[in-house]
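Structure record follows, encoded as structure tokens.
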Amino acid sequence: MTKVCIVSLCWFAACLTKTMLYMQKDKLTFNDLPEVVGELCERISSMENLLTEKLHQQHNEVKKDTHVPMTVDEVCEYLGISKSSFYYKAKHGGIPIIKQGKHLFVYRDELDKWLESGRKGESPISIEEEHARMLATTRRKANPKSW
């Protein structure tokens with residue numbers, strides 16, 4: 001989007017420069033103003049049309065390619081995390097995964113929504129709370145009584 005804006009602004013600046021040169025060469029008079037202003041208005045409207053067309057094209061291209069399934073390796077590369085971190089987040093309900101047989105897939109648009117939303121839980125879990133939950137789910141052997 002920025003690239004199109006910069007190109008359009010450069011084109012607009014070139015048109016203005018051309019008009020300014022026209023004004024300097026011919027000593028623009030009051031009678032020439034309607035013609036020059038009309039030309040500038042036409043150029044501005046054509047630039048606006050070009051810009052809106054390019055923005056719509058870019059917007060449609062981005063929408064088409066976002067619902068793409070990604071493998072575990074692609075997700076890890078996209079997020080910059082290790083496979084073990086991915087599996088941990090997938091197991092604890094963080095990353096929105098789809099399991100087909102033995103394979104896990106993640107859609108790119110769902111992953112982006114998950115990244116934008118931040119945390120899935122309502123409140124962040126402290127280290128102490130997570131430790132307490134882990135201890136509660138871990139089974140331990142009973143202590144043998146010493147007689």
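Every chain in the structure tokens has a letter given in the order shown (A, B, ...), and although residue numbers restart at 1 in each chain, ligands are simply numbered from 1 in the order shown.
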
In segment 22-106 of chain A, DSSP strand (DSSP E or B) residues written as a VMD selection string: chain A and resid 69 to 70 98 to 100 103 to 106

Please identify all polymer residues within 8 Å of Val106 of chain A, counting only C-alpha atoms, omitting same-chain residues fewer than 6 positions from it, and present them as a list in words. Pro69, Met70, Thr71, Val72, Val75, Pro96, Ile97 and Ile98 of chain A

Using DSSP on the backbone coordinates, identify the residues of segment 42-102 of chain A assigned to alpha helix (DSSP H); present them as a ChimeraX atom specification. /A:42-64,72-79,83-91

Write out as a PDB file with C-alpha atoms, in the first residue's frame which residues come within 10 Å of segment 84-95 of chain A when counting only C-alpha atoms, dropping same-chain ones fewer than 2 positions away.
```pdb
ATOM      1  CA  VAL A  72       4.245 -27.531  11.794  1.00  0.00           C
ATOM      2  CA  ASP A  73       7.595 -26.568  10.269  1.00  0.00           C
ATOM      3  CA  VAL A  75       4.286 -22.394  11.521  1.00  0.00           C
ATOM      4  CA  CYS A  76       7.488 -22.644  13.564  1.00  0.00           C
ATOM      5  CA  LEU A  79       6.412 -17.557  14.411  1.00  0.00           C
ATOM      6  CA  GLY A  80      10.131 -18.010  15.024  1.00  0.00           C
ATOM      7  CA  ILE A  81       9.659 -20.673  17.710  1.00  0.00           C
ATOM      8  CA  SER A  82      10.930 -24.211  18.176  1.00  0.00           C
ATOM      9  CA  ILE A  97      -4.702 -26.396  15.185  1.00  0.00           C
ATOM     10  CA  ILE A  98      -6.435 -28.896  12.924  1.00  0.00           C
ATOM     11  CA  LEU A 104      -1.219 -31.030  12.446  1.00  0.00           C
ATOM     12  CA  VAL A 106      -2.799 -24.389  11.076  1.00  0.00           C
ATOM     13  CA  GLU A 110      -6.553 -18.176  12.031  1.00  0.00           C
ATOM     14  CA  LEU A 111      -2.962 -17.974  13.257  1.00  0.00           C
ATOM     15  CA  TRP A 114      -4.720 -15.723  17.341  1.00  0.00           C
ATOM     16  CA  LEU A 115      -1.609 -13.537  17.322  1.00  0.00           C
ATOM     17  CA  GLY A 118      -3.039 -12.051  22.410  1.00  0.00           C
ATOM     18  CA  ARG A 119      -3.939 -14.487  25.163  1.00  0.00           C
ATOM     19  CA  LYS A 120      -6.770 -16.974  24.889  1.00  0.00           C
ATOM     20  CA  GLY A 121      -7.472 -16.969  28.640  1.00  0.00           C
TER      21      GLY A 121
END
```

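When only C-alpha atoms are used to compute distances to Phe105 of chain A, the closest of the residues A:Val68, A:Leu50, A:Val36, A:Leu55 turns out to be A:Val68.
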
Atom CA of Lys54 of chain A to atom CA of Glu39 of chain A, straight-line distance in Å: 22.7 Å
